[in-house]
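Shown next, in structure tokens, is the structure this report addresses.
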Amino acid sequence: MKGTTLSWRDLVSEAVSGLASRPTRTLLTVAGTVLGIAALVATLGLAQTASNRIVGTFSELEATSVVVTNEGGNGGAGDTRAAFPEDHEDRLSRLNGVNAVGALGEINIEGATVSTVALDDPAGQDAHHLSVIAASPGLLAAVQGTMGAGRWFDAGHETRADNVVVLGPGAANRLGVFRVDQQPVVFIGKAPFVVIGVLDDVARQASMLDAVIMPEGTARRSFDYTSADTVQIDVLVGAGELIAEQAPISLNPNAPETFSSRTAPSPESMRNRVQSDTNALFLVLGAVSLVVGTIGIANVTLVSVLERVGEIGLRRAVGARPRHVATQFLLESTTMGLAGGVIGATIGILIVVGVSAFQQWTPVLSPLIPVGAPLLGVVTGLVAGVYPALRAASLEPVDALRAGT
Amino acid sequence: MADGAEPDTAAPDTAAQSSGTDVVLSLRSIAKTYLAGDVEVAALRDVDVEVSRGEYVSILGPSGSGKSTLLNVLGLLDRPTAGSYVFEGMEVTDLDEQERTAVRGRRIGFVFQAFHLLSHRTVEDNVALSMLYTGVGTAERLRRAKQALESVGLAHRSSFLPTQLSGGERQRVAIARAIVTDPAVLLADEPTGNLDSVTSESILALFDDLRRRGLTIVMITHDAHVAARADRAVHIRDGRLTELPPAAIAAPARASARGQR
Ligand SMILES: Nc1ncnc2c1ncn2[C@@H]1O[C@H](COP(=O)(O)OP(=O)(O)OP(=O)(O)O)[C@@H](O)[C@H]1O
Ligand SMILES: [Mg+2]
């Protein structure tokens with residue numbers, strides 16, 4: 001006698017009818033996978049978008065930065081450091097592709113404290129150990145700094161060696177100076193300086209944020225300051241490497257090796273690092289939610305097998321083989337997984353797009369996600385269905401018919 | 001099971017086949033023993049029975065006598081512990097599960113006391129279900145299902161759900177599902193057990209009708225009135241069969257069954 005068969009078309013239609021006949025339960029079951037996959041897609045998508053943004057900011061910033069120091073390569077020379085020529089700003093500005101040039105150097109204030117009151121007591125509450133640095137007028141632009149209050153010094157302050165300072169936001173906070181319209185005074189040791197401005201932020205040379213900053217001319221006259229130790233150059237995108245090469249030569253054509261310069265790390269390597277850091281966390285989150293979704297489907301499919309024992313018995317009586325029964329339940333769970341994957345991916349993508357629109361970011365999604373998420377849903381459903389399907393297939397027809405009505 | 005069949009019991013079967021006697025099913029020395037914990041329950045002992053094509057046989061017995069066990073063996077839903085079962089000339093006790101499933105699906109129709117309809121599927125779908133695994137195309141399945149429903153007088157309920165039908169109508173759907181594959185035998189386990197007497201009568205009338213159209217029927221019942229409707233009644237008690245001549249199945253039962261009409 002010819003064996004019994006079941007075509008794929010009929011199998012699919014049986015599975016879909018099985019699901020459609022319990023719509024509420026099917027929806028609730030799928031909800032678990034929807035959540036899991038939506039979470040996975042949203043976290044991956046947001047991670048990609050965010051890291052792309054971080055790297056975007058980083059690399060643009062780094063690619064346009066060249067830093068020259070006087071830590072020359074001729075080692076053995078001990079601590080004799082070459083001074084930057086006085087006209088270094090002019091020399092470097094002449095190079096093609098340079099936007100701004102600024103110098104800075106640490107001032108040795110011999111342990112003096114900074115205070116807003118003229119006190120002699122170095123241990124006093126109002127005396128702070130702050131770093132004091134000298135800067136050229138061009139530095140603000142070269143570090144892409146912004147002022148929170150007041151102004152930055154200009155060439156006039158520099159040449160007149162005025163007793164003025166600008167405070168980094170950290171230093172201003174500790175000194176309690178928030179406004180400059182009353183021309184507040186700070187004392188470095190016993191010497192008074194008028195605060196003409198407070199920085200808001202800088203994109204480079206973060207040491208400025210906690211420092212008291214004065215013109216180089218002032219530093220030379222009031223302290224033992226000879227030369228800057230660092231020159232920050234802001235260059236056009238793409239000009240970094242060339243200018244890093246030319247800067248030492250233009251500062252000292254005879255001995256360029258007395259200066260060293262460096263530019264950005266390769267943006268690619270940075271992108272990879274940032275991405276793998278963020279993705280690891282998000283992947284774990286997504287995987288956990290997916291496991292929860294799988295357990296949900298497995299659970300409901302198992303309940304459904306137990307509830308439909310009578311149906312299984314009847315199907316066996318009218319010619320269903322154990323594998324027909326198994327594939328039907330497997331297909332039901334897989335269909336739920338697929339539905340969960342598709343709906344979840346859609347919601348996840350909408351979340352990424354929505355958050356990006358709100359944050360004004362450019363949404364970045366790997367093309368693998370719209371394809372991979374439904375596939376992942378299918379795998380989820382398949383895995384979830386294996387045990388219930390085997391249980392269903394192993395039922396003896398007599399027992400199934402007796403147990404179910 | 002099949003290994004227990006003595007060679008001398010197999011001989012008459014082959015003889016019966018070769019002589020052309022149209023026997024649909026034939027049990028020889030069938031035994032079924034359940035193991036309930038350590039206790040052996042002999043549900044069937046040394047059962048011999050033969051049903052010819054077109055015959056309407058009832059199996060009558062009290063609760064626990066082994067009626068359902070016998071029907072499950074006849075329907076290839078369960079395997080006997082010993083004995084020989086020849087179905088349409090083929091020894092079926094040693095078929096593997098796949099072959100048994102094929103015989104069951106193609107050649108046997110079942111009607112159960114509790115209907116066993118899929119409650120979320122339409123009447124039509126329920127009837128068509130019994131052709132799902134036998135390779136009949138969708139359109140042909142629906143056409144035949146309609147035909148079968150017509151023959152049980154339920155054509156107008158095709159798109160109803162079973163829950164929207166009365167008990168008698170549900171059992172008619174189950175009967176349509178059983179006959180739609182044109183089986184060699186219809187096996188009915190207490191088909192009127194869940195129905196009131198008037199509805200039972202209409203189902204029994206439908207069985208009479210099917211019998212007239214040539215269907216072979218084996219029906220189980222604990223009710224002598226119901227059993228008396230068959231051509232032949234077999235009595236079962238403690239797993240043993242005793243054949244009763246039709247006249248002996250309590251003539252008054254027969255008379256009163258008629259009186260109910
Ligand atoms: N799976 C089983 N395990 C153990 N014993 C069983 C099993 N199935 C049936 N039996 C026993 O076999 C005997 C016959 O059972 P069966 O179900 O065939 O009776 P029945 O005549 O159909 O009864 P009823 O009229 O109540 O349906 C009973 O004593 C029953 O307890
Ligand atoms: Mg019974």
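Residue names in the structure tokens use chain letters A, B, ... in the order shown, residue numbers from 1 in each chain, and ligand numbers from 1 in the order shown.
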
Mind listing the residues within 12 Å of ligand 2, only C-alpha atoms and all ligand atoms counted, as JSON, numbers by chain? {"A": [398, 401, 402], "B": [43, 59, 60, 61, 62, 63, 64, 65, 66, 67, 68, 69, 70, 71, 72, 112, 113, 114, 188, 189, 190, 191, 193, 219, 220, 221, 222, 236]}

So which bits of region 21-248 of chain B end up strand (DSSP E) when you DSSP the backbone, as a VMD selection string? chain B and resid 23 to 36 39 to 52 56 to 60 82 to 87 90 to 91 108 to 111 185 to 189 217 to 221 232 to 237 240 to 244

Using 8 Å as the limit and counting only C-alpha atoms, can you tabulate each residue of chain A that touches chain B, with its shortest atom-to-atom distance in Å and the two atoms involved, as a Markdown table?
| residue | atom | partner | partner_atom | distance |
| --- | --- | --- | --- | --- |
| A:Met1 | CA | B:Ala102 | CA | 7.0 |
| A:Lys2 | CA | B:Ala102 | CA | 6.8 |
| A:Gly3 | CA | B:Ala102 | CA | 5.0 |
| A:Thr4 | CA | B:Thr134 | CA | 5.1 |
| A:Thr5 | CA | B:Tyr133 | CA | 5.0 |
| A:Leu6 | CA | B:Tyr133 | CA | 5.2 |
| A:Ser7 | CA | B:Gly135 | CA | 7.7 |
| A:Asp10 | CA | B:Leu132 | CA | 7.5 |
| A:Ser17 | CA | B:Arg121 | CA | 8.0 |
| A:Ser21 | CA | B:His120 | CA | 5.5 |
| A:Gly310 | CA | B:His116 | CA | 6.9 |
| A:Glu311 | CA | B:Leu118 | CA | 6.6 |
| A:Leu314 | CA | B:His116 | CA | 6.8 |
| A:Arg315 | CA | B:Ser130 | CA | 7.7 |
| A:Arg316 | CA | B:Thr101 | CA | 7.3 |
| A:Ala317 | CA | B:Gly105 | CA | 6.4 |
| A:Val318 | CA | B:Gly105 | CA | 4.3 |
| A:Gly319 | CA | B:Gly105 | CA | 3.7 |
| A:Ala320 | CA | B:Tyr133 | CA | 5.9 |
| A:Arg321 | CA | B:Thr101 | CA | 6.5 |
| A:Pro397 | CA | B:Leu77 | CA | 5.9 |
| A:Val398 | CA | B:Leu77 | CA | 5.7 |
| A:Thr405 | CA | B:His116 | CA | 5.7 |

N, CA, C and O atoms of the current selection, written as a JSON list (two decimals), in the first residue's frame:
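Written output follows (again_9.json):
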[["chain", "number", "residue", "atom", "x", "y", "z"],
["A", 1, "MET", "N", 0.84, -1.21, 0.00],
["A", 1, "MET", "CA", 0.00, 0.00, 0.00],
["A", 1, "MET", "C", 0.87, 1.26, 0.00],
["A", 1, "MET", "O", 1.90, 1.30, 0.66],
["A", 2, "LYS", "N", 0.42, 2.24, -0.74],
["A", 2, "LYS", "CA", 1.16, 3.50, -0.79],
["A", 2, "LYS", "C", 1.18, 4.17, 0.59],
["A", 2, "LYS", "O", 0.17, 4.16, 1.29],
["A", 3, "GLY", "N", 2.32, 4.70, 0.95],
["A", 3, "GLY", "CA", 2.43, 5.36, 2.25],
["A", 3, "GLY", "C", 1.67, 6.67, 2.26],
["A", 3, "GLY", "O", 1.18, 7.13, 1.23],
["A", 4, "THR", "N", 1.55, 7.26, 3.44],
["A", 4, "THR", "CA", 0.87, 8.55, 3.51],
["A", 4, "THR", "C", 1.88, 9.67, 3.36],
["A", 4, "THR", "O", 3.05, 9.52, 3.71],
["A", 5, "THR", "N", 1.42, 10.79, 2.82],
["A", 5, "THR", "CA", 2.32, 11.91, 2.54],
["A", 5, "THR", "C", 1.68, 13.21, 3.02],
["A", 5, "THR", "O", 0.52, 13.23, 3.40],
["A", 6, "LEU", "N", 2.46, 14.25, 2.98],
["A", 6, "LEU", "CA", 1.91, 15.58, 3.28],
["A", 6, "LEU", "C", 2.73, 16.57, 2.46],
["A", 6, "LEU", "O", 3.95, 16.66, 2.63],
["A", 7, "SER", "N", 2.06, 17.30, 1.57],
["A", 7, "SER", "CA", 2.79, 18.25, 0.73],
["A", 7, "SER", "C", 3.16, 19.46, 1.56],
["A", 7, "SER", "O", 2.52, 19.77, 2.57],
["A", 10, "ASP", "N", 0.30, 21.93, 1.92],
["A", 10, "ASP", "CA", -0.69, 21.56, 2.93],
["A", 10, "ASP", "C", -0.12, 21.74, 4.33],
["A", 10, "ASP", "O", -0.82, 22.17, 5.24],
["A", 17, "SER", "N", -3.17, 27.66, 9.79],
["A", 17, "SER", "CA", -4.52, 27.53, 10.36],
["A", 17, "SER", "C", -4.43, 27.30, 11.86],
["A", 17, "SER", "O", -5.22, 27.86, 12.62],
["A", 21, "SER", "N", -6.08, 30.02, 14.32],
["A", 21, "SER", "CA", -7.26, 29.67, 15.10],
["A", 21, "SER", "C", -7.11, 30.12, 16.55],
["A", 21, "SER", "O", -8.07, 30.13, 17.29],
["A", 310, "GLY", "N", -5.66, 15.49, 21.66],
["A", 310, "GLY", "CA", -6.76, 14.86, 20.94],
["A", 310, "GLY", "C", -6.62, 15.06, 19.44],
["A", 310, "GLY", "O", -6.82, 14.14, 18.64],
["A", 311, "GLU", "N", -6.25, 16.29, 19.05],
["A", 311, "GLU", "CA", -6.04, 16.60, 17.63],
["A", 311, "GLU", "C", -4.93, 15.72, 17.07],
["A", 311, "GLU", "O", -5.03, 15.20, 15.95],
["A", 314, "LEU", "N", -6.22, 12.28, 16.52],
["A", 314, "LEU", "CA", -7.07, 12.22, 15.35],
["A", 314, "LEU", "C", -6.25, 12.22, 14.07],
["A", 314, "LEU", "O", -6.48, 11.45, 13.15],
["A", 315, "ARG", "N", -5.25, 13.10, 14.03],
["A", 315, "ARG", "CA", -4.41, 13.17, 12.83],
["A", 315, "ARG", "C", -3.71, 11.83, 12.59],
["A", 315, "ARG", "O", -3.61, 11.36, 11.45],
["A", 316, "ARG", "N", -3.24, 11.23, 13.68],
["A", 316, "ARG", "CA", -2.60, 9.92, 13.53],
["A", 316, "ARG", "C", -3.62, 8.91, 13.00],
["A", 316, "ARG", "O", -3.30, 8.06, 12.17],
["A", 317, "ALA", "N", -4.87, 8.98, 13.47],
["A", 317, "ALA", "CA", -5.89, 8.04, 13.05],
["A", 317, "ALA", "C", -6.20, 8.18, 11.56],
["A", 317, "ALA", "O", -6.48, 7.20, 10.89],
["A", 318, "VAL", "N", -6.12, 9.43, 11.04],
["A", 318, "VAL", "CA", -6.45, 9.60, 9.62],
["A", 318, "VAL", "C", -5.21, 9.56, 8.73],
["A", 318, "VAL", "O", -5.26, 9.94, 7.57],
["A", 319, "GLY", "N", -4.10, 9.08, 9.27],
["A", 319, "GLY", "CA", -2.95, 8.79, 8.41],
["A", 319, "GLY", "C", -1.72, 9.64, 8.60],
["A", 319, "GLY", "O", -0.77, 9.52, 7.82],
["A", 320, "ALA", "N", -1.69, 10.53, 9.60],
["A", 320, "ALA", "CA", -0.48, 11.33, 9.82],
["A", 320, "ALA", "C", 0.59, 10.46, 10.44],
["A", 320, "ALA", "O", 0.34, 9.72, 11.39],
["A", 321, "ARG", "N", 1.80, 10.54, 9.88],
["A", 321, "ARG", "CA", 2.93, 9.84, 10.48],
["A", 321, "ARG", "C", 3.53, 10.73, 11.56],
["A", 321, "ARG", "O", 3.32, 11.94, 11.57],
["A", 397, "PRO", "N", -0.98, 6.88, 19.16],
["A", 397, "PRO", "CA", -2.32, 7.29, 18.74],
["A", 397, "PRO", "C", -3.40, 6.91, 19.75],
["A", 397, "PRO", "O", -4.30, 7.71, 20.02],
["A", 398, "VAL", "N", -3.33, 5.69, 20.30],
["A", 398, "VAL", "CA", -4.37, 5.27, 21.25],
["A", 398, "VAL", "C", -4.40, 6.18, 22.45],
["A", 398, "VAL", "O", -5.46, 6.65, 22.87],
["A", 405, "THR", "N", -10.06, 15.10, 23.92],
["A", 405, "THR", "CA", -11.41, 14.94, 23.39],
["A", 405, "THR", "C", -11.57, 15.77, 22.14],
["A", 405, "THR", "O", -10.91, 16.75, 21.97]]

Please compute the CA of Ala393 (chain A)-atom 17 (O, counted along the ligand's line) of ligand 1 distance, one decimal, in Å.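 One can read the CA of Ala393 (chain A) to atom 17 (O, counted along the ligand's line) of ligand 1 distance as 23.1 Å.
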
I'd like to know which of B:Leu149, B:Leu186, B:Val234, B:Leu44 is closest to ligand 1, using only C-alpha atoms and all ligand atoms.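 Ranked by minimum distance to ligand 1, first place goes to B:Leu44.
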
Do you know which residues are at most 8 Å from Glu124 (chain B) counting only C-alpha atoms, after dropping those on the same chain fewer than 2 positions away, and could you put them as a PyMOL selection string? chain B and resi 122+126-128+142+145-146+149+158-159

Could you write out the selected residues, including N, CA, C and O atoms, as a PDB file, in the first residue's frame?
ATOM      1  N   THR B 122     -13.471  24.733  10.252  1.00  0.00           N
ATOM      2  CA  THR B 122     -14.847  24.603   9.774  1.00  0.00           C
ATOM      3  C   THR B 122     -15.202  23.130   9.591  1.00  0.00           C
ATOM      4  O   THR B 122     -14.333  22.263   9.524  1.00  0.00           O
ATOM      5  N   ASN B 126     -12.844  19.985   8.626  1.00  0.00           N
ATOM      6  CA  ASN B 126     -12.784  18.793   9.455  1.00  0.00           C
ATOM      7  C   ASN B 126     -12.969  17.536   8.620  1.00  0.00           C
ATOM      8  O   ASN B 126     -12.285  16.543   8.827  1.00  0.00           O
ATOM      9  N   VAL B 127     -13.901  17.598   7.672  1.00  0.00           N
ATOM     10  CA  VAL B 127     -14.144  16.429   6.829  1.00  0.00           C
ATOM     11  C   VAL B 127     -12.964  16.213   5.882  1.00  0.00           C
ATOM     12  O   VAL B 127     -12.485  15.094   5.700  1.00  0.00           O
ATOM     13  N   ALA B 128     -12.466  17.338   5.324  1.00  0.00           N
ATOM     14  CA  ALA B 128     -11.368  17.236   4.359  1.00  0.00           C
ATOM     15  C   ALA B 128     -10.080  16.731   5.021  1.00  0.00           C
ATOM     16  O   ALA B 128      -9.207  16.178   4.359  1.00  0.00           O
ATOM     17  N   LEU B 142     -11.904  19.317  -1.090  1.00  0.00           N
ATOM     18  CA  LEU B 142     -13.091  20.104  -0.769  1.00  0.00           C
ATOM     19  C   LEU B 142     -14.317  19.579  -1.515  1.00  0.00           C
ATOM     20  O   LEU B 142     -15.418  19.532  -0.968  1.00  0.00           O
ATOM     21  N   ALA B 145     -15.400  16.485   0.250  1.00  0.00           N
ATOM     22  CA  ALA B 145     -15.930  16.803   1.580  1.00  0.00           C
ATOM     23  C   ALA B 145     -17.371  17.282   1.458  1.00  0.00           C
ATOM     24  O   ALA B 145     -18.245  16.886   2.239  1.00  0.00           O
ATOM     25  N   LYS B 146     -17.626  18.128   0.456  1.00  0.00           N
ATOM     26  CA  LYS B 146     -18.983  18.622   0.230  1.00  0.00           C
ATOM     27  C   LYS B 146     -19.933  17.463  -0.048  1.00  0.00           C
ATOM     28  O   LYS B 146     -21.042  17.405   0.490  1.00  0.00           O
ATOM     29  N   LEU B 149     -20.608  15.522   3.078  1.00  0.00           N
ATOM     30  CA  LEU B 149     -21.509  16.269   3.959  1.00  0.00           C
ATOM     31  C   LEU B 149     -22.941  16.197   3.443  1.00  0.00           C
ATOM     32  O   LEU B 149     -23.895  16.095   4.208  1.00  0.00           O
ATOM     33  N   SER B 158     -21.580  23.523   5.968  1.00  0.00           N
ATOM     34  CA  SER B 158     -20.178  23.393   5.555  1.00  0.00           C
ATOM     35  C   SER B 158     -19.231  24.379   6.221  1.00  0.00           C
ATOM     36  O   SER B 158     -18.139  24.026   6.640  1.00  0.00           O
ATOM     37  N   SER B 159     -19.672  25.638   6.309  1.00  0.00           N
ATOM     38  CA  SER B 159     -18.733  26.652   6.787  1.00  0.00           C
ATOM     39  C   SER B 159     -18.945  26.977   8.263  1.00  0.00           C
ATOM     40  O   SER B 159     -18.375  27.927   8.777  1.00  0.00           O
TER      41      SER B 159
END

Report as a CSV table (one decimal) with N, CA, C and O atoms, in the first residue's frame: the residues of region 85-140 of chain B with a DSSP assignment of helix (DSSP H, G or I), based on the backbone of this structure.
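Output (states.csv):
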chain,number,residue,atom,x,y,z
B,97,GLU,N,5.3,0.8,11.7
B,97,GLU,CA,4.4,1.9,12.1
B,97,GLU,C,4.0,2.7,10.8
B,97,GLU,O,2.8,3.1,10.7
B,98,GLN,N,4.9,2.9,9.9
B,98,GLN,CA,4.6,3.7,8.7
B,98,GLN,C,3.6,3.0,7.9
B,98,GLN,O,2.6,3.6,7.4
B,99,GLU,N,3.7,1.6,7.7
B,99,GLU,CA,2.8,0.9,6.9
B,99,GLU,C,1.4,0.8,7.6
B,99,GLU,O,0.4,1.0,6.9
B,100,ARG,N,1.4,0.6,8.9
B,100,ARG,CA,0.1,0.6,9.6
B,100,ARG,C,-0.6,2.0,9.5
B,100,ARG,O,-1.8,2.0,9.3
B,101,THR,N,0.2,3.0,9.6
B,101,THR,CA,-0.4,4.4,9.4
B,101,THR,C,-1.1,4.5,8.0
B,101,THR,O,-2.1,5.1,7.9
B,102,ALA,N,-0.4,4.0,7.0
B,102,ALA,CA,-0.9,4.1,5.7
B,102,ALA,C,-2.2,3.3,5.5
B,102,ALA,O,-3.2,3.8,5.0
B,103,VAL,N,-2.3,2.1,6.1
B,103,VAL,CA,-3.5,1.3,6.0
B,103,VAL,C,-4.6,2.0,6.8
B,103,VAL,O,-5.8,2.2,6.3
B,104,ARG,N,-4.3,2.5,7.9
B,104,ARG,CA,-5.3,3.2,8.8
B,104,ARG,C,-5.8,4.4,8.1
B,104,ARG,O,-7.0,4.6,8.0
B,105,GLY,N,-4.9,5.2,7.5
B,105,GLY,CA,-5.4,6.5,6.8
B,105,GLY,C,-6.2,6.2,5.6
B,105,GLY,O,-7.1,7.0,5.3
B,106,ARG,N,-5.9,5.2,4.8
B,106,ARG,CA,-6.5,5.0,3.5
B,106,ARG,C,-7.7,4.1,3.6
B,106,ARG,O,-8.6,4.2,2.8
B,107,ARG,N,-7.7,3.1,4.5
B,107,ARG,CA,-8.7,2.0,4.4
B,107,ARG,C,-9.6,1.9,5.6
B,107,ARG,O,-10.5,1.1,5.6
B,123,VAL,N,-16.5,22.9,9.5
B,123,VAL,CA,-17.0,21.6,9.2
B,123,VAL,C,-16.4,20.9,8.0
B,123,VAL,O,-15.9,19.8,8.0
B,124,GLU,N,-16.3,21.7,7.0
B,124,GLU,CA,-15.7,21.3,5.7
B,124,GLU,C,-14.3,20.9,5.9
B,124,GLU,O,-13.8,19.8,5.4
B,125,ASP,N,-13.5,21.7,6.6
B,125,ASP,CA,-12.1,21.5,6.8
B,125,ASP,C,-12.0,20.2,7.6
B,125,ASP,O,-11.0,19.4,7.4
B,126,ASN,N,-12.8,20.0,8.6
B,126,ASN,CA,-12.8,18.8,9.5
B,126,ASN,C,-13.0,17.5,8.6
B,126,ASN,O,-12.3,16.5,8.8
B,127,VAL,N,-13.9,17.6,7.7
B,127,VAL,CA,-14.1,16.4,6.8
B,127,VAL,C,-13.0,16.2,5.9
B,127,VAL,O,-12.5,15.1,5.7
B,128,ALA,N,-12.5,17.3,5.3
B,128,ALA,CA,-11.4,17.2,4.4
B,128,ALA,C,-10.1,16.7,5.0
B,128,ALA,O,-9.2,16.2,4.4
B,129,LEU,N,-10.0,16.9,6.3
B,129,LEU,CA,-8.8,16.5,7.1
B,129,LEU,C,-8.4,15.1,6.8
B,129,LEU,O,-7.2,14.7,6.8
B,130,SER,N,-9.4,14.2,6.7
B,130,SER,CA,-9.0,12.8,6.6
B,130,SER,C,-8.4,12.4,5.3
B,130,SER,O,-7.9,11.3,5.0
B,131,MET,N,-8.4,13.4,4.3
B,131,MET,CA,-7.7,13.1,3.0
B,131,MET,C,-6.4,13.9,2.9
B,131,MET,O,-5.7,13.8,1.9
B,132,LEU,N,-6.1,14.6,4.0
B,132,LEU,CA,-4.9,15.5,4.0
B,132,LEU,C,-3.6,14.7,3.8
B,132,LEU,O,-2.7,15.1,3.1
B,133,TYR,N,-3.6,13.5,4.4
B,133,TYR,CA,-2.3,12.7,4.4
B,133,TYR,C,-2.3,11.6,3.3
B,133,TYR,O,-1.4,10.8,3.3
B,134,THR,N,-3.3,11.6,2.5
B,134,THR,CA,-3.4,10.6,1.5
B,134,THR,C,-3.1,11.0,0.1
B,134,THR,O,-3.4,10.4,-0.9
B,138,THR,N,-6.0,19.8,-2.9
B,138,THR,CA,-6.9,20.6,-2.1
B,138,THR,C,-8.3,20.7,-2.7
B,138,THR,O,-9.3,20.6,-2.0
B,139,ALA,N,-8.4,21.0,-4.0
B,139,ALA,CA,-9.7,21.2,-4.6
B,139,ALA,C,-10.5,19.9,-4.6
B,139,ALA,O,-11.7,19.9,-4.2
B,140,GLU,N,-9.8,18.8,-4.8
B,140,GLU,CA,-10.5,17.5,-4.8
B,140,GLU,C,-11.0,17.2,-3.4
B,140,GLU,O,-12.1,16.7,-3.2

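Using only C-alpha atoms, the nearest neighbour of Ala112 (chain A) within the list A:Gly138, A:Pro388, A:Gly238, A:Gly189 is A:Gly189.
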
Interatomic distance, atom 2 (C, counted along the ligand's line) of ligand 1 to CA of Thr301 (chain A) (Å, one decimal):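 Those two atoms sit 27.3 Å apart.
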
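Counting only C-alpha atoms and all ligand atoms, the residue from B:Arg141, B:Val39, B:Leu27, B:Asp22 that sits nearest to ligand 1 is B:Val39.
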
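Counting only C-alpha atoms and comparing A:Leu46, A:Val34, A:Val309, A:Leu199, the residue that lies closest to Gly344 (chain A) is A:Val34.
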
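Residues in contact with Ser207 (chain A) at up to 12 Å, not including ones fewer than 2 positions away on its chain and judged by only C-alpha atoms, are Leu104, Gly105, Glu106, Leu130, Ser131, Val132, Ile133, Ala134, Val143, Leu167, Gly168, Pro169, Gly170, Ala171, Asp201, Val202, Ala203, Arg204, Gln205, Leu209, Asp210, Ala211, Val212 and Ile213 of chain A.
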
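For Pro80 (chain B), the set of protein, DNA and RNA residues having any atom at most 9 Å away, when counting only C-alpha atoms and skipping those fewer than 2 positions along the same chain, is B:Met1, B:Ala2, B:Ile30, B:Ala31, B:Lys32, B:Thr33, B:Leu44, B:Leu70, B:Val73, B:Asp78, B:Ala82, B:Gly83, B:Ser84, B:Tyr85, B:Thr93.
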
Rank B:Val185, B:Ile217, B:Gly153, B:Asp208 by their smallest atom-to-atom distance to Gly168 (chain B), using only C-alpha atoms, and report the top residue only. B:Gly153

Skip Thr230 (chain A) itself and residues of its chain fewer than 5 positions away, then list as an MDAnalysis selection string all residues within 9 Å of it, counting only C-alpha atoms. chainID A and resid 67:70 84 102:105

Selection file, N, CA, C and O atoms, as a PDB file, in the first residue's frame:
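Okay, part_4.pdb is ready:
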ATOM      1  N   VAL A  67      50.506  68.497  16.406  1.00  0.00           N
ATOM      2  CA  VAL A  67      51.124  69.007  17.627  1.00  0.00           C
ATOM      3  C   VAL A  67      52.640  68.944  17.473  1.00  0.00           C
ATOM      4  O   VAL A  67      53.190  67.905  17.107  1.00  0.00           O
ATOM      5  N   VAL A  68      53.285  70.096  17.711  1.00  0.00           N
ATOM      6  CA  VAL A  68      54.756  70.138  17.619  1.00  0.00           C
ATOM      7  C   VAL A  68      55.296  70.375  19.026  1.00  0.00           C
ATOM      8  O   VAL A  68      54.804  71.243  19.752  1.00  0.00           O
ATOM      9  N   THR A  69      56.282  69.573  19.420  1.00  0.00           N
ATOM     10  CA  THR A  69      56.916  69.794  20.727  1.00  0.00           C
ATOM     11  C   THR A  69      58.409  69.967  20.529  1.00  0.00           C
ATOM     12  O   THR A  69      58.951  69.606  19.473  1.00  0.00           O
ATOM     13  N   ASN A  70      59.043  70.518  21.548  1.00  0.00           N
ATOM     14  CA  ASN A  70      60.491  70.693  21.430  1.00  0.00           C
ATOM     15  C   ASN A  70      61.267  69.553  22.094  1.00  0.00           C
ATOM     16  O   ASN A  70      62.411  69.698  22.459  1.00  0.00           O
ATOM     17  N   PHE A  84      61.206  77.539  20.994  1.00  0.00           N
ATOM     18  CA  PHE A  84      60.511  77.869  19.753  1.00  0.00           C
ATOM     19  C   PHE A  84      60.905  79.279  19.367  1.00  0.00           C
ATOM     20  O   PHE A  84      60.976  80.174  20.223  1.00  0.00           O
ATOM     21  N   GLY A 102      48.948  78.050  17.712  1.00  0.00           N
ATOM     22  CA  GLY A 102      49.030  78.603  19.056  1.00  0.00           C
ATOM     23  C   GLY A 102      50.067  77.846  19.856  1.00  0.00           C
ATOM     24  O   GLY A 102      50.256  76.643  19.665  1.00  0.00           O
ATOM     25  N   ALA A 103      50.756  78.575  20.770  1.00  0.00           N
ATOM     26  CA  ALA A 103      51.784  77.934  21.575  1.00  0.00           C
ATOM     27  C   ALA A 103      51.335  77.911  23.022  1.00  0.00           C
ATOM     28  O   ALA A 103      50.559  78.760  23.471  1.00  0.00           O
ATOM     29  N   LEU A 104      51.815  76.920  23.752  1.00  0.00           N
ATOM     30  CA  LEU A 104      51.582  76.936  25.188  1.00  0.00           C
ATOM     31  C   LEU A 104      52.754  76.288  25.906  1.00  0.00           C
ATOM     32  O   LEU A 104      53.485  75.469  25.326  1.00  0.00           O
ATOM     33  N   GLY A 105      52.932  76.686  27.151  1.00  0.00           N
ATOM     34  CA  GLY A 105      54.028  76.117  27.927  1.00  0.00           C
ATOM     35  C   GLY A 105      53.721  76.233  29.400  1.00  0.00           C
ATOM     36  O   GLY A 105      53.052  77.167  29.855  1.00  0.00           O
TER      37      GLY A 105
END
